[in-house]
Amino acid sequence: MSGLRPSRVTLRTRLTLIYGGLFLVAGLVLLGVTYALFEQQLTGGGTKMLAKSELPPEPGLNRRAHLVVLTGNGDMLTGAGAEQWMKDQQAQLRKAATTSLFTQGGIALLVVGGLAAGFGWLVAGRVLVPLHQVTNTARRIATAPAADRNLHERIALRGPDDEVKDLAGAFNTMVERLDRSFDGQRRFVANASHELRTPLTVSRSLVEVAMHRKTASADVRQLGETLLEINARHERLINGLLLLAGSENEILDRRPVDLADVVSHVVAQTAAEASQAGIEVRTEAGEAMTTGDALFLERLVQNLVENGIRHNTGGWVHVVSRTLADGRAEVEVSNTGAVVPQYEIPALFEPFRRLATDRLATAKGAGLGLSIVRSVARAHGGEATARPRDGGGLVVSVVLPQ
C-alpha cells in the first residue's frame, strides 16, 4: 500500500480549475450577450399598440366587450378582434425572440467558444512548458551520439511542487546515477587493467627465464610455451579492456583520416596471420574520408579483419572501404565461416559474448572484438551493424560521419 502524499494542488487539479474557469467566464459572457439580444428584440422598433377600456366594466359583464386596441397603423379594434390581434402579436414576438436566440445566440456561442478554446490552448501550453522541457532534455540525451552525450546535464525546473517537478527530479536522479555508474565502471576497468599488467609482465618474464635455462627439460619448455600462450591471451584481454574503456570516452582530438589508408595498413599487418590460417584476404580500399582518432580507427578495422580471419576455416575475408552517396565513410568486412543465426547477432556486440560453439578457454581473442568496434564507432558518431552472410559467416559494416 503506497504512503500518503502531502496535500497539494496537482497539475490535473490546476488544469481542471483553469479550464473550468475559462468555460464559466465564457458562459457568463454568452449569457450576457443572449440577454442583451433578447432585450433588444423586445424593446426594438415594431408595432405600437394601446389597449384601454372606455367604460368601466360592471360586475358580471364580459371584459372583452370593453377591450379597445389602437394599432400602430391607426386602426382601432375592439372585442374579440382586439383580443385575437394581441394574441397574434404575442406569437410573432415569441417567434422573433426564439429565432434571435437560435441564430444570433448560436453565432455568439461559436465566437465565444472559439475565443475560450484559443485562450485554453495558450494557457495549457504555458502550463505544460515544464513537461516539454523534461521531454526535450531526455530526448536530447538519449538520441545524441556517444561522443556528444552529456550525462552531466540536469533539468533545472522552476515552478510549483507538482507531478512535473517530481518527474524532473526523478529524471535528474536517474541520470546522475547513470553518470556515476558509467564513470565508476570505466575507472574500475582502467585501473584493474593497469594493475593486472604488472603481474602478467613479471609472470611472462619468469616463464621465459625458466624455459631458456640450459638445464630445462622438454617438458618444462612445453609447459612454458603453454603458459606463455595463456599469458598472451590474458594480455590481449587486458589490452582489449583498456581500449574498450578508452573508446567509450569522448574523442577530443579529431583529425581527417582516410579509411582506405587504414584498411591497406591493417591488411598488410595481418597478412602473416591470414597466410598461416590459410585465409585469403581481398581488399577494395576506396577513398573514405572521416574525422577522428587514427589509432582507434585502426584498431576498429584491425578487430574486424582479425575476427574475419580467426572465425574462419580456409575461406576468405573481403575488406571494402568506400564513400556513401550522402558523404559518409563506410568500412565493410565480410567473411566465410560457420552459419550465424540472426538472433545471435546482437549478442556478438556484447563484451565476452561469443557464439555457443565458440566458448572454449583456448579460443582466439578475448571476446571483446565487436564490442570495441561498436564502442569506437559510437565514439566517432557512427554505428556498427552486422548481418549473417548467405552461405555462412558475417558481414559487418561500420558507417562513420564525414
# chains A, B, ... in the order shown; residues from 1 in each chain; ligands from 1
>>> residues_around(residues="Val331 of chain A", least_positions_apart="3", cutoff="8 Å", atoms="only C-alpha atoms", output="list in words")
Leu259, Val301, Val319, Val320, Ser321, Arg322, Ser397, Val398 and Val399 of chain A
>>> residues_around(residues="Val395 of chain A", least_positions_apart="5", cutoff="9 Å", atoms="only C-alpha atoms", output="number ranges by chain")
A: 332-335, 385-389
>>> write_last_selection(atoms="C-alpha atoms", output="PDB file, in the first residue's frame")
ATOM      1  CA  GLU A 332      32.562  -3.354 -44.643  1.00  0.00           C
ATOM      2  CA  VAL A 333      34.197  -6.656 -43.769  1.00  0.00           C
ATOM      3  CA  SER A 334      32.610  -9.910 -44.919  1.00  0.00           C
ATOM      4  CA  ASN A 335      33.976 -13.378 -44.343  1.00  0.00           C
ATOM      5  CA  THR A 385      25.900  -3.263 -37.691  1.00  0.00           C
ATOM      6  CA  ALA A 386      26.181  -6.910 -38.660  1.00  0.00           C
ATOM      7  CA  ARG A 387      24.125  -9.410 -40.605  1.00  0.00           C
ATOM      8  CA  PRO A 388      24.546 -13.107 -41.451  1.00  0.00           C
ATOM      9  CA  ARG A 389      26.134 -13.819 -44.806  1.00  0.00           C
TER      10      ARG A 389
END
>>> residues_around(residues="His311 of chain A", least_positions_apart="5", cutoff="9 Å", atoms="only C-alpha atoms", output="list of chain:residue names")
A:Glu306, A:Asn335, A:Thr336, A:Gly337, A:Ala338, A:Lys364, A:Gly393
>>> select_by_dssp(residues="segment 90-232 of chain A", states="alpha helix (DSSP H)", output="PyMOL selection string")
chain A and resi 90-127+129-143+163-211+218-232
>>> write_last_selection(atoms="C-alpha atoms", output="compact mmCIF listing (two decimals), in the first residue's frame")
# COMPACT_ATOMS: atom_id res chain seq x y z
CA GLN A 90 -47.55 37.86 -28.90
CA ALA A 91 -46.97 34.81 -31.14
CA GLN A 92 -44.95 36.89 -33.61
CA LEU A 93 -42.91 38.36 -30.76
CA ARG A 94 -42.22 34.89 -29.33
CA LYS A 95 -41.21 33.57 -32.75
CA ALA A 96 -38.89 36.50 -33.34
CA ALA A 97 -37.28 36.08 -29.92
CA THR A 98 -36.81 32.35 -30.49
CA THR A 99 -35.25 32.97 -33.89
CA SER A 100 -32.92 35.51 -32.37
CA LEU A 101 -31.81 33.12 -29.66
CA PHE A 102 -31.15 30.25 -32.07
CA THR A 103 -29.39 32.27 -34.80
CA GLN A 104 -27.68 35.23 -33.25
CA GLY A 105 -27.17 33.34 -29.98
CA GLY A 106 -25.63 30.43 -31.90
CA ILE A 107 -23.24 32.77 -33.66
CA ALA A 108 -22.31 34.34 -30.33
CA LEU A 109 -21.78 30.86 -28.88
CA LEU A 110 -19.39 29.91 -31.70
CA VAL A 111 -17.42 33.13 -31.34
CA VAL A 112 -17.17 32.93 -27.57
CA GLY A 113 -16.40 29.19 -27.72
CA GLY A 114 -13.60 29.83 -30.22
CA LEU A 115 -12.12 32.52 -28.00
CA ALA A 116 -12.32 30.23 -24.97
CA ALA A 117 -10.62 27.41 -26.89
CA GLY A 118 -7.87 29.77 -28.03
CA PHE A 119 -7.23 31.03 -24.51
CA GLY A 120 -7.37 27.45 -23.24
CA TRP A 121 -4.76 26.39 -25.80
CA LEU A 122 -2.43 29.20 -24.75
CA VAL A 123 -2.89 28.53 -21.05
CA ALA A 124 -2.38 24.77 -21.47
CA GLY A 125 0.80 25.39 -23.45
CA ARG A 126 2.04 27.68 -20.73
CA VAL A 127 1.27 25.14 -18.02
CA VAL A 129 6.15 24.11 -20.71
CA PRO A 130 7.97 22.31 -17.84
CA LEU A 131 6.84 18.94 -19.18
CA HIS A 132 8.16 19.83 -22.63
CA GLN A 133 11.45 20.83 -21.02
CA VAL A 134 11.74 17.43 -19.35
CA THR A 135 10.86 15.62 -22.57
CA ASN A 136 13.30 17.61 -24.72
CA THR A 137 16.17 17.10 -22.29
CA ALA A 138 15.54 13.36 -22.08
CA ARG A 139 15.30 13.08 -25.87
CA ARG A 140 18.47 15.13 -26.37
CA ILE A 141 20.48 12.90 -24.03
CA ALA A 142 19.01 9.65 -25.38
CA THR A 143 19.43 10.39 -29.10
CA GLU A 163 3.88 15.89 -10.85
CA VAL A 164 6.06 17.51 -13.50
CA LYS A 165 8.59 18.61 -10.91
CA ASP A 166 8.55 15.09 -9.46
CA LEU A 167 9.27 13.73 -12.95
CA ALA A 168 12.14 16.17 -13.44
CA GLY A 169 13.60 15.21 -10.06
CA ALA A 170 13.33 11.50 -10.83
CA PHE A 171 14.97 12.02 -14.21
CA ASN A 172 17.82 14.01 -12.68
CA THR A 173 18.37 11.29 -10.09
CA MET A 174 18.41 8.59 -12.75
CA VAL A 175 20.88 10.45 -14.97
CA GLU A 176 23.10 11.23 -12.00
CA ARG A 177 23.24 7.57 -11.01
CA LEU A 178 23.93 6.50 -14.58
CA ASP A 179 26.70 9.06 -14.84
CA ARG A 180 28.34 7.84 -11.63
CA SER A 181 27.90 4.23 -12.66
CA PHE A 182 29.46 4.67 -16.09
CA ASP A 183 32.34 6.74 -14.77
CA GLY A 184 32.96 4.25 -11.99
CA GLN A 185 32.84 1.33 -14.40
CA ARG A 186 35.34 2.93 -16.76
CA ARG A 187 37.67 3.86 -13.93
CA PHE A 188 37.46 0.38 -12.46
CA VAL A 189 38.19 -1.31 -15.77
CA ALA A 190 41.10 1.01 -16.50
CA ASN A 191 42.60 0.74 -13.00
CA ALA A 192 42.16 -3.04 -12.82
CA SER A 193 43.70 -3.49 -16.25
CA HIS A 194 46.70 -1.34 -15.35
CA GLU A 195 47.16 -3.24 -12.10
CA LEU A 196 46.99 -6.61 -13.86
CA ARG A 197 49.57 -5.67 -16.46
CA THR A 198 52.45 -5.72 -13.99
CA PRO A 199 51.96 -9.29 -12.62
CA LEU A 200 51.41 -10.59 -16.15
CA THR A 201 54.64 -8.99 -17.32
CA VAL A 202 56.51 -10.48 -14.36
CA SER A 203 54.91 -13.87 -14.98
CA ARG A 204 55.92 -13.84 -18.65
CA SER A 205 59.49 -12.92 -17.72
CA LEU A 206 59.75 -15.75 -15.17
CA VAL A 207 58.39 -18.31 -17.62
CA GLU A 208 60.79 -17.19 -20.33
CA VAL A 209 63.76 -17.38 -17.95
CA ALA A 210 62.76 -20.90 -16.87
CA MET A 211 62.32 -22.04 -20.49
CA ALA A 218 61.49 -30.73 -22.92
CA ASP A 219 58.53 -30.99 -20.55
CA VAL A 220 59.47 -27.67 -18.94
CA ARG A 221 59.77 -25.98 -22.34
CA GLN A 222 56.41 -27.39 -23.42
CA LEU A 223 54.81 -26.20 -20.18
CA GLY A 224 56.44 -22.81 -20.64
CA GLU A 225 55.00 -22.46 -24.15
CA THR A 226 51.55 -23.27 -22.84
CA LEU A 227 51.90 -20.77 -20.02
CA LEU A 228 53.16 -18.10 -22.42
CA GLU A 229 50.17 -18.70 -24.67
CA ILE A 230 47.78 -18.32 -21.73
CA ASN A 231 49.69 -15.27 -20.55
CA ALA A 232 49.46 -13.72 -24.03
>>> residues_around(residues="Asn307 of chain A", least_positions_apart="6", cutoff="12 Å", atoms="only C-alpha atoms", output="MDAnalysis selection string")
chainID A and resid 270 273:274 279 299:301 313 316:319 333:337 348 354 363:373 393:396
>>> write_last_selection(atoms="N, CA and C atoms", output="compact mmCIF listing (two decimals), in the first residue's frame")
# COMPACT_ATOMS: atom_id res chain seq x y z
N THR A 270 48.16 -7.95 -40.93
CA THR A 270 47.55 -9.25 -40.64
C THR A 270 47.81 -10.28 -41.75
N GLU A 273 49.30 -13.64 -40.35
CA GLU A 273 48.31 -14.47 -39.64
C GLU A 273 47.32 -15.09 -40.62
N ALA A 274 46.91 -14.32 -41.64
CA ALA A 274 45.98 -14.87 -42.63
C ALA A 274 46.61 -15.98 -43.44
N ILE A 279 43.80 -18.28 -45.01
CA ILE A 279 42.68 -17.41 -45.35
C ILE A 279 43.12 -16.42 -46.42
N ARG A 299 42.41 0.38 -34.87
CA ARG A 299 42.03 -0.76 -34.03
C ARG A 299 40.67 -1.31 -34.45
N LEU A 300 39.76 -0.43 -34.82
CA LEU A 300 38.44 -0.86 -35.28
C LEU A 300 38.56 -1.78 -36.49
N VAL A 301 39.29 -1.32 -37.50
CA VAL A 301 39.45 -2.12 -38.72
C VAL A 301 40.23 -3.40 -38.41
N THR A 313 37.43 -20.84 -41.64
CA THR A 313 38.05 -22.17 -41.86
C THR A 313 38.42 -22.30 -43.33
N TRP A 316 37.74 -17.00 -47.04
CA TRP A 316 38.25 -15.69 -47.44
C TRP A 316 37.64 -14.59 -46.58
N VAL A 317 38.31 -13.45 -46.61
CA VAL A 317 37.85 -12.23 -45.95
C VAL A 317 37.90 -11.10 -46.97
N HIS A 318 36.80 -10.36 -47.09
CA HIS A 318 36.71 -9.28 -48.06
C HIS A 318 36.55 -7.96 -47.30
N VAL A 319 37.52 -7.05 -47.49
CA VAL A 319 37.53 -5.76 -46.79
C VAL A 319 37.32 -4.65 -47.82
N VAL A 333 33.38 -5.45 -43.80
CA VAL A 333 34.20 -6.66 -43.77
C VAL A 333 33.27 -7.86 -43.78
N SER A 334 33.39 -8.67 -44.81
CA SER A 334 32.61 -9.91 -44.92
C SER A 334 33.56 -11.09 -44.95
N ASN A 335 33.12 -12.20 -44.41
CA ASN A 335 33.98 -13.38 -44.34
C ASN A 335 33.14 -14.64 -44.39
N THR A 336 33.76 -15.69 -44.84
CA THR A 336 33.13 -17.01 -44.80
C THR A 336 33.27 -17.57 -43.39
N GLY A 337 32.57 -18.65 -43.14
CA GLY A 337 32.64 -19.27 -41.83
C GLY A 337 31.37 -20.02 -41.51
N LEU A 348 26.68 -10.73 -30.20
CA LEU A 348 28.08 -10.67 -30.60
C LEU A 348 28.72 -9.33 -30.27
N ARG A 354 30.30 -14.76 -27.19
CA ARG A 354 30.64 -15.42 -28.44
C ARG A 354 29.49 -16.33 -28.82
N ALA A 363 39.98 -20.39 -26.96
CA ALA A 363 39.54 -19.66 -28.15
C ALA A 363 40.42 -18.45 -28.38
N LYS A 364 40.62 -18.11 -29.67
CA LYS A 364 41.43 -16.95 -30.00
C LYS A 364 40.65 -15.69 -29.66
N GLY A 365 41.38 -14.68 -29.20
CA GLY A 365 40.71 -13.44 -28.85
C GLY A 365 40.18 -13.47 -27.44
N ALA A 366 39.63 -12.33 -27.03
CA ALA A 366 39.13 -12.19 -25.66
C ALA A 366 37.63 -11.95 -25.61
N GLY A 367 36.96 -12.03 -26.75
CA GLY A 367 35.52 -11.79 -26.77
C GLY A 367 35.16 -10.32 -26.69
N LEU A 368 36.11 -9.45 -27.05
CA LEU A 368 35.86 -8.01 -26.99
C LEU A 368 35.94 -7.35 -28.36
N GLY A 369 36.19 -8.13 -29.41
CA GLY A 369 36.43 -7.56 -30.73
C GLY A 369 35.32 -6.66 -31.22
N LEU A 370 34.11 -7.19 -31.35
CA LEU A 370 33.00 -6.40 -31.86
C LEU A 370 32.50 -5.38 -30.85
N SER A 371 32.71 -5.65 -29.57
CA SER A 371 32.36 -4.64 -28.55
C SER A 371 33.20 -3.39 -28.73
N ILE A 372 34.49 -3.60 -28.98
CA ILE A 372 35.38 -2.45 -29.21
C ILE A 372 35.01 -1.76 -30.52
N VAL A 373 34.66 -2.53 -31.53
CA VAL A 373 34.27 -1.95 -32.82
C VAL A 373 33.07 -1.02 -32.63
N GLY A 393 29.09 -17.25 -42.27
CA GLY A 393 29.95 -16.10 -42.00
C GLY A 393 29.14 -14.86 -41.68
N LEU A 394 29.85 -13.74 -41.60
CA LEU A 394 29.24 -12.47 -41.22
C LEU A 394 29.58 -11.38 -42.21
N VAL A 395 28.74 -10.35 -42.22
CA VAL A 395 29.02 -9.10 -42.93
C VAL A 395 28.84 -7.99 -41.91
N VAL A 396 29.98 -7.35 -41.55
CA VAL A 396 29.96 -6.28 -40.55
C VAL A 396 30.23 -4.97 -41.25
>>> atom_distance(atom1="atom CA of Ile238 of chain A", atom2="atom CA of Ser375 of chain A")
16.2 Å
>>> select_by_dssp(residues="segment 275-311 of chain A", states="strand (DSSP E)", output="list in words")
Glu280, Val281, Arg282, Thr283, Glu284, Ala285, Met289, Thr290, Thr291 and Gly292 of chain A
>>> write_last_selection(atoms="N, CA and C atoms", output="compact mmCIF listing (two decimals), in the first residue's frame")
# COMPACT_ATOMS: atom_id res chain seq x y z
N GLU A 280 42.32 -16.27 -47.44
CA GLU A 280 42.59 -15.28 -48.49
C GLU A 280 41.91 -13.97 -48.11
N VAL A 281 42.69 -12.90 -48.09
CA VAL A 281 42.17 -11.58 -47.74
C VAL A 281 42.10 -10.74 -49.01
N ARG A 282 40.90 -10.30 -49.35
CA ARG A 282 40.68 -9.44 -50.53
C ARG A 282 40.36 -8.02 -50.05
N THR A 283 40.84 -7.06 -50.78
CA THR A 283 40.61 -5.67 -50.37
C THR A 283 40.13 -4.84 -51.56
N GLU A 284 39.27 -3.88 -51.23
CA GLU A 284 38.85 -2.82 -52.15
C GLU A 284 38.93 -1.52 -51.36
N ALA A 285 40.14 -0.97 -51.33
CA ALA A 285 40.40 0.20 -50.49
C ALA A 285 40.06 1.47 -51.26
N MET A 289 36.79 9.31 -46.45
CA MET A 289 37.30 10.31 -45.52
C MET A 289 36.36 10.47 -44.32
N THR A 290 36.96 10.54 -43.15
CA THR A 290 36.23 10.80 -41.92
C THR A 290 37.14 11.58 -40.99
N THR A 291 36.64 11.95 -39.82
CA THR A 291 37.46 12.64 -38.83
C THR A 291 37.40 11.87 -37.52
N GLY A 292 38.54 11.79 -36.84
CA GLY A 292 38.57 11.07 -35.58
C GLY A 292 39.98 10.76 -35.15
>>> atom_distance(atom1="atom CA of Leu15 of chain A", atom2="atom CA of Gly32 of chain A")
25.7 Å
>>> atom_distance(atom1="atom CA of Ala379 of chain A", atom2="atom CA of Val267 of chain A")
23.4 Å
